[in-house]
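Colleague: I am sharing entry_25.cif, which consists of mmCIF, C-alpha atoms:
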data_target
loop_
_atom_site.label_atom_id
_atom_site.label_comp_id
_atom_site.auth_asym_id
_atom_site.auth_seq_id
_atom_site.Cartn_x
_atom_site.Cartn_y
_atom_site.Cartn_z
CA MET A 1 -24.56 6.55 -45.22
CA GLU A 2 -24.22 9.52 -47.56
CA THR A 3 -27.01 10.14 -50.02
CA SER A 4 -26.22 11.29 -53.53
CA PRO A 5 -27.25 14.85 -54.45
CA LYS A 6 -30.48 15.22 -56.39
CA ILE A 7 -30.17 15.80 -60.10
CA PRO A 8 -31.57 19.24 -61.03
CA PRO A 9 -34.98 18.59 -62.63
CA LYS A 10 -34.23 20.83 -65.60
CA ALA A 11 -30.99 18.97 -66.35
CA LEU A 12 -32.68 15.58 -65.90
CA TRP A 13 -35.57 16.36 -68.24
CA GLY A 14 -33.26 18.05 -70.71
CA TRP A 15 -31.33 14.78 -70.95
CA VAL A 16 -34.51 12.70 -71.16
CA SER A 17 -35.98 15.04 -73.80
CA TYR A 18 -33.26 14.08 -76.27
CA ASP A 19 -34.24 10.42 -75.97
CA MET A 20 -37.85 11.46 -76.47
CA GLY A 21 -36.94 13.35 -79.65
CA ASN A 22 -34.67 10.84 -81.33
CA SER A 23 -36.99 7.96 -80.44
CA VAL A 24 -39.52 9.47 -82.83
CA PHE A 25 -36.93 8.98 -85.58
CA THR A 26 -36.22 5.37 -84.62
CA THR A 27 -39.91 4.50 -84.41
CA THR A 28 -41.49 6.41 -87.29
CA VAL A 29 -38.57 6.37 -89.72
CA MET A 30 -36.12 3.57 -88.98
CA ALA A 31 -38.53 0.89 -87.79
CA GLY A 32 -41.78 2.09 -89.33
CA PHE A 33 -42.31 3.96 -92.56
CA PHE A 34 -38.88 3.98 -94.18
CA PRO A 35 -38.68 0.19 -94.75
CA ILE A 36 -42.23 0.19 -96.16
CA PHE A 37 -41.70 3.26 -98.34
CA PHE A 38 -38.31 1.99 -99.48
CA LYS A 39 -39.78 -1.30 -100.66
CA SER A 40 -43.10 -0.07 -102.11
CA PHE A 41 -42.39 3.52 -103.26
CA TRP A 42 -38.67 4.06 -103.83
CA SER A 43 -37.96 0.47 -105.00
CA GLN A 44 -41.06 -0.19 -107.09
CA GLY A 45 -40.84 -3.42 -109.11
CA VAL A 46 -37.63 -4.59 -107.41
CA ASP A 47 -37.28 -8.16 -106.10
CA PRO A 48 -38.01 -8.18 -102.31
CA ALA A 49 -34.75 -10.00 -101.50
CA LEU A 50 -32.78 -7.38 -103.45
CA SER A 51 -34.51 -4.45 -101.75
CA THR A 52 -33.86 -6.07 -98.35
CA ALA A 53 -30.18 -6.46 -99.25
CA ARG A 54 -30.03 -2.79 -100.30
CA LEU A 55 -31.62 -1.69 -97.02
CA GLY A 56 -29.24 -3.85 -95.00
CA ALA A 57 -26.23 -2.50 -96.90
CA THR A 58 -27.39 1.10 -96.34
CA VAL A 59 -27.61 0.64 -92.57
CA SER A 60 -24.30 -1.24 -92.48
CA VAL A 61 -22.27 1.33 -94.43
CA ALA A 62 -23.59 4.33 -92.50
CA SER A 63 -22.97 2.54 -89.21
CA LEU A 64 -19.45 1.58 -90.27
CA VAL A 65 -18.49 5.22 -90.86
CA VAL A 66 -19.73 6.23 -87.39
CA ALA A 67 -18.06 3.20 -85.81
CA LEU A 68 -14.67 4.16 -87.23
CA CYS A 69 -15.03 7.78 -86.08
CA ALA A 70 -16.59 7.13 -82.65
CA PRO A 71 -13.49 6.65 -80.43
CA PHE A 72 -11.73 9.73 -81.83
CA LEU A 73 -14.84 11.89 -81.50
CA GLY A 74 -15.33 10.74 -77.92
CA ALA A 75 -11.74 11.58 -77.03
CA LEU A 76 -12.05 14.96 -78.75
CA SER A 77 -15.18 15.82 -76.75
CA ASP A 78 -13.48 14.91 -73.46
CA GLN A 79 -10.47 17.09 -74.27
CA GLY A 80 -12.60 20.09 -75.20
CA GLY A 81 -15.62 19.61 -72.94
CA ASN A 82 -17.89 19.89 -75.95
CA LYS A 83 -20.19 16.88 -75.71
CA ARG A 84 -23.32 19.02 -76.05
CA TRP A 85 -21.95 20.83 -79.11
CA PHE A 86 -21.03 17.56 -80.80
CA LEU A 87 -24.46 16.14 -79.94
CA LEU A 88 -26.14 19.17 -81.50
CA ALA A 89 -23.98 19.01 -84.63
CA PHE A 90 -24.63 15.33 -85.30
CA SER A 91 -28.33 15.49 -84.44
CA SER A 92 -28.73 18.52 -86.74
CA LEU A 93 -27.25 16.50 -89.57
CA GLY A 94 -29.65 13.69 -88.73
CA PHE A 95 -32.89 15.63 -88.49
CA CYS A 96 -32.10 17.68 -91.62
CA PHE A 97 -31.58 14.53 -93.71
CA THR A 98 -34.74 13.07 -92.18
CA GLY A 99 -36.71 16.06 -93.42
CA LEU A 100 -35.19 15.63 -96.90
CA LEU A 101 -36.74 12.15 -97.15
CA ALA A 102 -40.11 13.85 -97.66
CA LEU A 103 -38.91 15.37 -100.96
CA ILE A 104 -37.63 12.22 -102.74
CA PRO A 105 -39.88 11.06 -105.61
CA ALA A 106 -41.05 7.54 -106.47
CA GLY A 107 -38.33 5.23 -107.79
CA GLY A 108 -35.59 7.38 -106.28
CA TRP A 109 -34.04 4.68 -104.12
CA PRO A 110 -30.43 5.96 -104.62
CA LEU A 111 -31.42 9.38 -103.21
CA ALA A 112 -33.35 7.67 -100.43
CA VAL A 113 -30.27 5.62 -99.57
CA LEU A 114 -28.14 8.78 -99.48
CA ALA A 115 -30.54 10.74 -97.23
CA TYR A 116 -31.20 7.78 -94.95
CA SER A 117 -27.46 7.13 -94.59
CA GLY A 118 -26.96 10.75 -93.55
CA ALA A 119 -29.78 10.50 -91.02
CA ILE A 120 -28.38 7.28 -89.54
CA PHE A 121 -24.89 8.80 -89.40
CA GLY A 122 -26.26 11.77 -87.44
CA PHE A 123 -28.37 9.54 -85.19
CA TYR A 124 -25.58 7.19 -84.14
CA GLY A 125 -23.01 9.98 -83.91
CA ALA A 126 -25.21 12.06 -81.60
CA ASN A 127 -25.93 9.04 -79.40
CA LEU A 128 -22.23 8.75 -78.60
CA PHE A 129 -22.22 12.16 -76.90
CA TYR A 130 -25.68 11.70 -75.40
CA ASP A 131 -24.57 8.51 -73.64
CA ALA A 132 -21.32 10.15 -72.53
CA LEU A 133 -23.28 12.84 -70.64
CA LEU A 134 -24.83 10.22 -68.34
CA PRO A 135 -21.93 9.58 -65.89
CA SER A 136 -21.53 13.27 -65.05
CA LEU A 137 -25.28 13.88 -64.89
CA ALA A 138 -26.30 11.00 -62.62
CA PRO A 139 -24.52 9.67 -59.49
CA GLU A 140 -23.76 5.95 -59.60
CA ASP A 141 -26.68 4.91 -57.39
CA GLN A 142 -29.15 6.79 -59.66
CA ARG A 143 -27.64 5.83 -63.01
CA ASP A 144 -29.71 2.71 -63.77
CA TRP A 145 -32.92 4.61 -63.04
CA VAL A 146 -32.00 7.72 -65.07
CA SER A 147 -30.85 5.59 -68.01
CA SER A 148 -34.12 3.62 -67.92
CA LEU A 149 -36.11 6.85 -67.56
CA GLY A 150 -34.64 8.08 -70.85
CA TYR A 151 -35.56 4.89 -72.66
CA ALA A 152 -39.01 4.71 -71.07
CA PHE A 153 -40.05 8.23 -72.04
CA GLY A 154 -38.42 7.67 -75.42
CA TYR A 155 -40.78 4.76 -75.96
CA LEU A 156 -43.72 6.87 -74.80
CA SER A 157 -42.99 9.83 -77.07
CA GLY A 158 -42.04 7.57 -79.96
CA GLY A 159 -45.33 5.71 -79.60
CA LEU A 160 -47.50 8.82 -79.28
CA VAL A 161 -45.98 10.63 -82.25
CA PHE A 162 -46.02 7.41 -84.26
CA ALA A 163 -49.74 7.08 -83.50
CA LEU A 164 -50.22 10.63 -84.82
CA ASN A 165 -48.18 9.81 -87.92
CA LEU A 166 -50.18 6.62 -88.46
CA ALA A 167 -53.38 8.65 -88.27
CA MET A 168 -52.00 10.98 -90.99
CA VAL A 169 -51.44 7.95 -93.22
CA LYS A 170 -54.78 6.28 -92.48
CA ALA A 171 -56.91 9.46 -92.58
CA PRO A 172 -54.91 11.96 -94.63
CA GLY A 173 -57.93 14.08 -95.50
CA PHE A 174 -58.49 14.97 -91.85
CA PHE A 175 -55.02 16.57 -91.80
CA GLY A 176 -55.42 18.32 -95.15
CA LEU A 177 -53.27 15.78 -97.01
CA GLU A 178 -54.09 14.30 -100.40
CA GLY A 179 -53.36 10.65 -99.69
CA ALA A 180 -51.39 8.03 -97.75
CA GLN A 181 -48.21 8.90 -99.67
CA GLN A 182 -48.33 12.49 -98.41
CA GLY A 183 -49.13 11.13 -94.96
CA VAL A 184 -45.85 9.20 -94.91
CA GLN A 185 -43.93 12.20 -96.25
CA ALA A 186 -45.50 14.41 -93.56
CA SER A 187 -44.44 11.81 -90.98
CA PHE A 188 -40.82 12.25 -92.04
CA LEU A 189 -41.20 15.99 -91.40
CA THR A 190 -42.79 15.56 -87.96
CA SER A 191 -39.99 13.17 -87.01
CA SER A 192 -37.43 15.76 -88.04
CA VAL A 193 -39.14 18.47 -85.95
CA ALA A 194 -39.49 16.24 -82.86
CA TRP A 195 -35.83 15.23 -83.04
CA ALA A 196 -34.77 18.88 -83.43
CA LEU A 197 -36.83 19.93 -80.40
CA GLY A 198 -35.30 17.23 -78.19
CA SER A 199 -31.81 18.18 -79.38
CA PHE A 200 -32.18 21.84 -78.49
CA LEU A 201 -33.72 21.14 -75.08
CA CYS A 202 -30.83 18.83 -74.23
CA PHE A 203 -28.29 21.35 -75.48
CA PHE A 204 -29.66 24.25 -73.44
CA TRP A 205 -30.77 22.42 -70.27
CA VAL A 206 -28.02 19.87 -69.58
CA PRO A 207 -24.95 21.45 -67.96
CA GLU A 208 -21.43 20.40 -68.86
CA LYS A 209 -18.18 21.16 -67.13
CA LYS A 210 -16.10 23.64 -69.11
CA VAL A 211 -12.60 22.60 -70.13
CA PRO A 212 -10.01 25.27 -71.03
CA PRO A 213 -9.27 25.25 -74.79
CA SER A 214 -5.90 23.94 -75.90
CA GLN A 215 -3.87 24.93 -78.95
CA ALA A 216 -2.70 21.32 -79.25
CA LEU A 217 -6.21 19.88 -78.97
CA TRP A 218 -6.00 17.57 -81.98
CA THR A 219 -2.57 16.25 -81.02
CA GLN A 220 -3.69 15.73 -77.44
CA THR A 221 -6.81 13.93 -78.65
CA TRP A 222 -4.87 11.36 -80.64
CA ALA A 223 -2.46 10.83 -77.75
CA GLU A 224 -5.34 10.54 -75.28
CA LEU A 225 -7.16 8.11 -77.56
CA ALA A 226 -4.13 5.82 -77.73
CA ALA A 227 -3.70 6.03 -73.95
CA THR A 228 -7.41 5.28 -73.40
CA TYR A 229 -7.20 2.22 -75.62
CA GLN A 230 -4.30 0.92 -73.55
CA GLU A 231 -6.08 1.81 -70.32
CA LEU A 232 -9.32 0.20 -71.46
CA LYS A 233 -7.49 -3.07 -71.95
CA SER A 234 -6.45 -2.89 -68.29
CA TYR A 235 -10.15 -2.63 -67.33
CA ARG A 236 -10.65 -6.30 -68.11
CA THR A 237 -14.29 -6.47 -67.06
CA ALA A 238 -15.21 -3.39 -69.10
CA TRP A 239 -13.32 -4.76 -72.11
CA THR A 240 -15.03 -8.15 -71.90
CA PHE A 241 -18.41 -6.46 -71.51
CA LEU A 242 -17.75 -4.41 -74.65
CA VAL A 243 -17.25 -7.61 -76.63
CA ALA A 244 -20.46 -9.04 -75.17
CA TYR A 245 -22.36 -5.84 -75.91
CA TRP A 246 -21.03 -5.72 -79.46
CA LEU A 247 -22.43 -9.18 -80.09
CA TYR A 248 -25.80 -9.15 -78.35
CA ILE A 249 -26.85 -5.59 -79.14
CA ASP A 250 -26.62 -6.69 -82.78
CA VAL A 251 -29.89 -8.55 -82.29
CA VAL A 252 -31.57 -5.62 -80.54
CA ASP A 253 -30.63 -3.00 -83.13
CA THR A 254 -31.22 -5.28 -86.11
CA LEU A 255 -34.74 -6.14 -85.03
CA VAL A 256 -35.49 -2.42 -84.78
CA VAL A 257 -34.44 -1.61 -88.34
CA MET A 258 -35.30 -4.87 -90.15
CA ALA A 259 -38.42 -6.36 -88.50
CA VAL A 260 -40.96 -4.53 -90.66
CA ASP A 261 -39.01 -5.38 -93.81
CA TYR A 262 -38.99 -9.03 -92.65
CA GLY A 263 -42.76 -9.02 -92.21
CA LEU A 264 -43.29 -7.45 -95.63
CA SER A 265 -41.04 -10.07 -97.23
CA LEU A 266 -43.21 -12.81 -95.66
CA GLY A 267 -46.34 -11.25 -97.11
CA PHE A 268 -47.88 -9.61 -94.02
CA GLU A 269 -49.98 -6.49 -94.48
CA SER A 270 -48.11 -3.24 -93.82
CA GLY A 271 -50.97 -2.01 -91.61
CA ASP A 272 -50.59 -4.99 -89.28
CA LEU A 273 -46.83 -4.46 -89.08
CA ILE A 274 -47.26 -0.80 -88.20
CA LEU A 275 -49.79 -1.63 -85.47
CA ALA A 276 -47.39 -4.22 -84.04
CA LEU A 277 -44.63 -1.61 -83.99
CA LEU A 278 -46.91 0.86 -82.20
CA MET A 279 -47.66 -1.85 -79.65
CA VAL A 280 -43.91 -2.29 -79.04
CA GLN A 281 -43.62 1.41 -78.19
CA LEU A 282 -46.58 1.48 -75.82
CA ILE A 283 -45.46 -1.69 -74.01
CA GLY A 284 -41.88 -0.44 -73.92
CA PHE A 285 -42.69 2.63 -71.81
CA PRO A 286 -43.75 0.89 -68.57
CA SER A 287 -41.60 -2.18 -69.24
CA ALA A 288 -38.33 -0.22 -69.27
CA LEU A 289 -39.16 1.19 -65.82
CA VAL A 290 -40.25 -2.23 -64.49
CA ILE A 291 -37.04 -3.87 -65.70
CA ALA A 292 -35.03 -1.06 -64.10
CA LYS A 293 -36.78 -1.77 -60.79
CA GLY A 294 -36.11 -5.47 -61.36
CA GLY A 295 -32.43 -4.68 -61.85
CA ALA A 296 -32.36 -2.84 -58.52
CA ARG A 297 -34.09 -5.71 -56.73
CA PHE A 298 -32.71 -8.84 -58.39
CA GLY A 299 -29.49 -7.51 -59.91
CA VAL A 300 -28.69 -5.90 -63.26
CA ARG A 301 -26.93 -8.99 -64.58
CA ARG A 302 -29.94 -11.26 -63.93
CA MET A 303 -32.26 -8.87 -65.74
CA ILE A 304 -29.93 -8.62 -68.75
CA TYR A 305 -29.83 -12.44 -68.89
CA LEU A 306 -33.62 -12.49 -68.85
CA CYS A 307 -33.81 -10.02 -71.73
CA LEU A 308 -31.31 -11.99 -73.80
CA ALA A 309 -33.27 -15.21 -73.23
CA VAL A 310 -36.41 -13.52 -74.56
CA TYR A 311 -34.53 -12.37 -77.67
CA ALA A 312 -33.28 -15.92 -78.27
CA GLY A 313 -36.86 -17.18 -78.12
CA VAL A 314 -38.02 -14.47 -80.55
CA CYS A 315 -35.29 -15.32 -83.08
CA LEU A 316 -36.17 -19.02 -82.95
CA TRP A 317 -39.86 -18.30 -83.30
CA ALA A 318 -39.28 -15.95 -86.23
CA VAL A 319 -37.95 -18.84 -88.33
CA GLY A 320 -41.39 -20.49 -88.42
CA LEU A 321 -43.49 -17.31 -88.29
CA SER A 322 -46.57 -17.74 -90.47
CA VAL A 323 -49.70 -16.13 -89.02
CA ARG A 324 -50.70 -12.63 -87.90
CA TRP A 325 -51.18 -13.29 -84.19
CA GLU A 326 -47.65 -14.70 -83.91
CA PHE A 327 -46.18 -11.47 -85.19
CA PHE A 328 -48.15 -9.47 -82.62
CA LEU A 329 -47.10 -11.77 -79.79
CA MET A 330 -43.45 -11.53 -80.80
CA ALA A 331 -43.76 -7.75 -80.99
CA GLY A 332 -45.17 -7.71 -77.46
CA LEU A 333 -42.26 -9.77 -76.13
CA ILE A 334 -39.76 -7.44 -77.79
CA GLY A 335 -41.54 -4.44 -76.30
CA VAL A 336 -41.19 -5.90 -72.81
CA VAL A 337 -37.40 -6.30 -72.97
CA GLN A 338 -36.04 -3.91 -75.58
CA GLY A 339 -35.81 -0.73 -73.53
CA GLY A 340 -34.66 -2.63 -70.47
CA VAL A 341 -31.67 -4.34 -72.07
CA GLN A 342 -30.57 -1.09 -73.73
CA ALA A 343 -30.88 1.01 -70.57
CA LEU A 344 -29.27 -1.51 -68.22
CA SER A 345 -26.41 -2.16 -70.66
CA ARG A 346 -25.64 1.56 -70.84
CA SER A 347 -25.69 2.08 -67.09
CA TYR A 348 -23.83 -1.21 -66.43
CA PHE A 349 -20.97 -0.04 -68.65
CA ALA A 350 -21.03 3.45 -67.09
CA GLY A 351 -20.39 1.78 -63.72
CA LEU A 352 -17.29 0.00 -65.05
CA ILE A 353 -15.41 3.07 -66.33
CA PRO A 354 -13.84 6.24 -64.86
CA LYS A 355 -16.28 9.17 -65.00
CA GLU A 356 -13.69 11.68 -66.18
CA GLN A 357 -13.01 9.65 -69.33
CA ALA A 358 -16.63 8.84 -70.12
CA GLY A 359 -16.55 10.33 -73.63
CA GLU A 360 -13.57 8.25 -74.69
CA PHE A 361 -14.82 5.03 -73.12
CA PHE A 362 -18.30 5.56 -74.53
CA GLY A 363 -16.63 6.20 -77.89
CA PHE A 364 -15.46 2.59 -77.84
CA TYR A 365 -18.83 1.49 -76.46
CA ASN A 366 -20.69 3.15 -79.34
CA MET A 367 -18.11 2.03 -81.88
CA LEU A 368 -18.68 -1.61 -81.00
CA GLY A 369 -22.43 -1.09 -80.87
CA LYS A 370 -22.37 0.34 -84.38
CA PHE A 371 -20.16 -2.48 -85.67
CA ALA A 372 -22.87 -4.81 -84.38
CA THR A 373 -25.45 -2.95 -86.42
CA ILE A 374 -23.22 -3.56 -89.42
CA LEU A 375 -23.19 -7.30 -88.78
CA GLY A 376 -26.91 -7.85 -88.24
CA PRO A 377 -28.43 -6.29 -91.37
CA ALA A 378 -25.56 -7.71 -93.44
CA LEU A 379 -26.28 -11.21 -92.07
CA ILE A 380 -30.00 -10.98 -92.80
CA GLY A 381 -29.58 -9.44 -96.25
CA GLY A 382 -26.60 -11.58 -97.27
CA VAL A 383 -27.88 -14.94 -96.05
CA GLY A 384 -31.34 -14.24 -97.41
CA LEU A 385 -30.07 -13.22 -100.85
CA VAL A 386 -27.66 -16.17 -101.19
CA VAL A 387 -30.25 -18.74 -100.14
CA SER A 388 -32.97 -17.17 -102.32
CA LEU A 389 -30.73 -17.28 -105.40
CA GLY A 390 -29.87 -20.95 -104.87
CA TRP A 391 -33.19 -22.26 -103.52
CA SER A 392 -36.06 -23.49 -105.64
CA GLY A 393 -38.06 -25.39 -103.00
CA SER A 394 -41.63 -24.94 -101.85
CA ASP A 395 -40.92 -22.14 -99.35
CA PRO A 396 -40.01 -18.95 -101.26
CA HIS A 397 -39.21 -17.21 -97.97
CA LEU A 398 -36.63 -19.71 -96.70
CA GLY A 399 -33.74 -17.32 -97.33
CA THR A 400 -35.39 -14.54 -95.34
CA ARG A 401 -36.19 -16.92 -92.48
CA LEU A 402 -32.64 -18.30 -92.34
CA GLY A 403 -31.29 -14.75 -92.43
CA PHE A 404 -33.15 -13.97 -89.22
CA ALA A 405 -32.10 -17.30 -87.70
CA SER A 406 -28.46 -16.28 -88.22
CA LEU A 407 -28.94 -13.65 -85.47
CA LEU A 408 -28.76 -16.47 -82.92
CA LEU A 409 -25.01 -16.68 -83.53
CA PRO A 410 -24.06 -13.18 -82.26
CA LEU A 411 -26.70 -13.47 -79.52
CA GLY A 412 -25.28 -16.73 -78.18
CA LEU A 413 -21.69 -15.50 -78.28
CA GLY A 414 -22.68 -12.23 -76.64
CA THR A 415 -24.37 -14.07 -73.77
CA TRP A 416 -21.24 -16.14 -73.20
CA PHE A 417 -18.98 -13.08 -73.08
CA PHE A 418 -21.44 -11.31 -70.77
CA TYR A 419 -21.18 -14.30 -68.42
CA ARG A 420 -17.43 -13.69 -68.32
CA ALA A 421 -17.84 -9.93 -67.71
CA LYS A 422 -18.36 -10.26 -63.96
CA PRO A 423 -17.16 -7.21 -62.05
CA THR A 424 -14.58 -7.87 -59.39
CA ALA A 425 -15.40 -7.08 -55.79
#
For the file at hand, write its structure as structure tokens.
Modeller:
Amino acid sequence: METSPKIPPKALWGWVSYDMGNSVFTTTVMAGFFPIFFKSFWSQGVDPALSTARLGATVSVASLVVALCAPFLGALSDQGGNKRWFLLAFSSLGFCFTGLLALIPAGGWPLAVLAYSGAIFGFYGANLFYDALLPSLAPEDQRDWVSSLGYAFGYLSGGLVFALNLAMVKAPGFFGLEGAQQGVQASFLTSSVAWALGSFLCFFWVPEKKVPPSQALWTQTWAELAATYQELKSYRTAWTFLVAYWLYIDVVDTLVVMAVDYGLSLGFESGDLILALLMVQLIGFPSALVIAKGGARFGVRRMIYLCLAVYAGVCLWAVGLSVRWEFFLMAGLIGVVQGGVQALSRSYFAGLIPKEQAGEFFGFYNMLGKFATILGPALIGGVGLVVSLGWSGSDPHLGTRLGFASLLLPLGLGTWFFYRAKPTA
């Protein structure tokens, strides 16, 4: 039996380094300090349900723009062999807007929305090209492991830098800062620098096959995109999996960007929420590798089912969440499965598509993933706001709780479609 060639270490760690860099943004900014700062600093005096709706709308609109552009950008990168250049361009947009967050004054929620939207646009856009580099980097029998390695070290770096950023907020004087506010603003800057470093390492260390330039590149891209759409429909298993992924990844991504806001709306202390988030990162590092090994031993599909079952339990539990220890336990459960379901989903899809069209196919993959991120925050914000406006009962948080319960709908449908996405022999 032939063994696959080893991946050059420099190329492997260049690819992993990007996950390490952008994970600092997802942890410190998206999941951690931005929701807190948005609610307490940029939206001072605003009703919590309204600020949650604004945050959900911000994520949804930025994700929608990327979702609409993703297939075309993927096709364009395949035609020109420029995945690394596109990754660098989008990530540069993202980490520059992330740095700008440090300059926005109190009460400036419209500017915060604008900068955060730009950062999210860059983040999701760059991920399209980052994912599309995987099939050519890793042979099929190493793909699950390499994908999980990226997520695992992303959790590790995200957790370590987040711990540093948390220290800057809790003990600002030690770092020469005047207070917790400057600590948060400095955290936005460190996130920007970490993301930039990972982007440049990936750009310079990961090789990419050169494609001769074409004078009719744009015309060819549109034609290739239409052909890929028709071809994708003939890959029935891949198409069905995309529908499943679109639905269930909604829960995964939404919990990342909305969990802290949810806890704040229920009255939990921001310090507890931040510690729970840090715990997710530290648990996520070894768990992503363990789940990858579990996928190799018990099958990728079984491990994805296991992860989805845990998410269903978390969403049900969140409806009645009331005490501090419950939030920490739920955070621990999410940490165990989050990296695993993301990594195995990416590598599972990579195994269903032709390697030479990875950019185009991953364009559709990322498009559907971003449409899911539109649905989740909109469900939480919309359901919560509607119920809060029409509810005068004893539980003032019923709208927020029911908003999170609504995530069970895309999760259940996604599990059903994943059941139908069985690869043929």
Colleague: Separation of atom CA of Tyr348 of chain A and atom CA of Phe204 of chain A, in Å?
Modeller: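 These atoms are spaced 27.0 Å apart.
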Colleague: Which is closest to Ser136 of chain A among A:Tyr235, A:Phe95, A:Phe417, A:Trp15, if we use only C-alpha atoms?
Modeller: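 Of A:Tyr235, A:Phe95, A:Phe417, A:Trp15, the one nearest Ser136 of chain A, counting only C-alpha atoms, is A:Trp15.
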Colleague: Which of these, A:Ala163, A:Ala171, A:Ile249, A:Leu73, has the shortest distance to Leu277 of chain A once you count only C-alpha atoms?
Modeller: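 That would be A:Ala163, the residue with the smallest distance to Leu277 of chain A.
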Colleague: Work out how far atom CA of Gly21 of chain A is from atom CA of Ile274 of chain A, in Å to one decimal.
Modeller: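 Separation between atom CA of Ile274 of chain A and atom CA of Gly21 of chain A: 19.5 Å.
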Colleague: Can you turn the PyMOL selection byres ((chain A and resi 404) around 8) into a concrete residue list for this file, as a list of chain:residue names?
Modeller: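 Applying the expression gives A:Cys315, A:Ala318, A:Val319, A:Leu379, A:Ile380, A:Thr400, A:Arg401, A:Leu402, A:Gly403, A:Ala405, A:Ser406, A:Leu407.
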Colleague: Mind pulling up the distance from atom CA of Leu289 of chain A to atom CA of Phe86 of chain A?
Modeller: 28.7 Å
Colleague: Can you pull out every residue within 8 Å of segment 148-161 of chain A, counting all atoms listed in the file, but drop anything in the same chain fewer than 4 positions away, and send it as a ChimeraX atom specification?
Modeller: /A:15-17,19-28,144,165,278-279,281-282,284-289,292,339-340,342-344
Colleague: Could you check which of A:Phe33, A:Trp145, A:Phe38, A:Phe162 is closest to Leu12 of chain A, using all atoms listed in the file?
Modeller: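 Of A:Phe33, A:Trp145, A:Phe38, A:Phe162, the one nearest Leu12 of chain A, counting all atoms listed in the file, is A:Trp145.
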Colleague: As a list in words, please: the residues near Asp272 of chain A (cut-off 9 Å, all atoms listed in the file, same-chain neighbours under 3 positions excluded).
Modeller: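 The residues that qualify are Phe268, Glu269, Leu275, Ala276, Leu277, Arg324, Phe327 and Phe328 of chain A.
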Colleague: Using all atoms listed in the file, pick whichever of A:Leu87, A:Leu103, A:Leu64, A:Cys307 has the shortest atom-to-atom distance to Gly295 of chain A.
Modeller: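 Comparing A:Leu87, A:Leu103, A:Leu64, A:Cys307 against Gly295 of chain A, the winner is A:Cys307.
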Colleague: Taking 3 positions as the minimum chain separation for residues in the same chain, which residues sit within 9 Å of Thr237 of chain A when counting only C-alpha atoms? Answer as a list in words.
Modeller: Ser234, Thr240, Phe241, Leu242, Leu352, Arg420, Ala421, Lys422, Pro423 and Thr424 of chain A
Colleague: Give me the result of the PyMOL selection byres ((chain A and resi 42) around 8) on this file, residue by residue, as an MDAnalysis selection string.
Modeller: chainID A and resid 37:41 43:44 105:109 112
Colleague: Find, counting only C-alpha atoms, the residue in A:Tyr305, A:Trp246, A:Phe200, A:Phe129 that gets nearest to Asn82 of chain A.
Modeller: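 When distances to Asn82 of chain A are compared using only C-alpha atoms, the smallest one comes from A:Phe129.
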Colleague: Which is closer to Tyr248 of chain A than all the others in A:Leu111, A:Tyr311, A:Val193, A:Phe72, using only C-alpha atoms?
Modeller: A:Tyr311
Colleague: If you count only C-alpha atoms, which residues fall within 6 Å of Gly414 of chain A, apart from same-chain ones fewer than 2 positions away, as a list in words?
Modeller: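 What passes the distance filter is Ala244, Leu247, Tyr248, Pro410, Leu411, Gly412, Trp416 and Phe417 of chain A.
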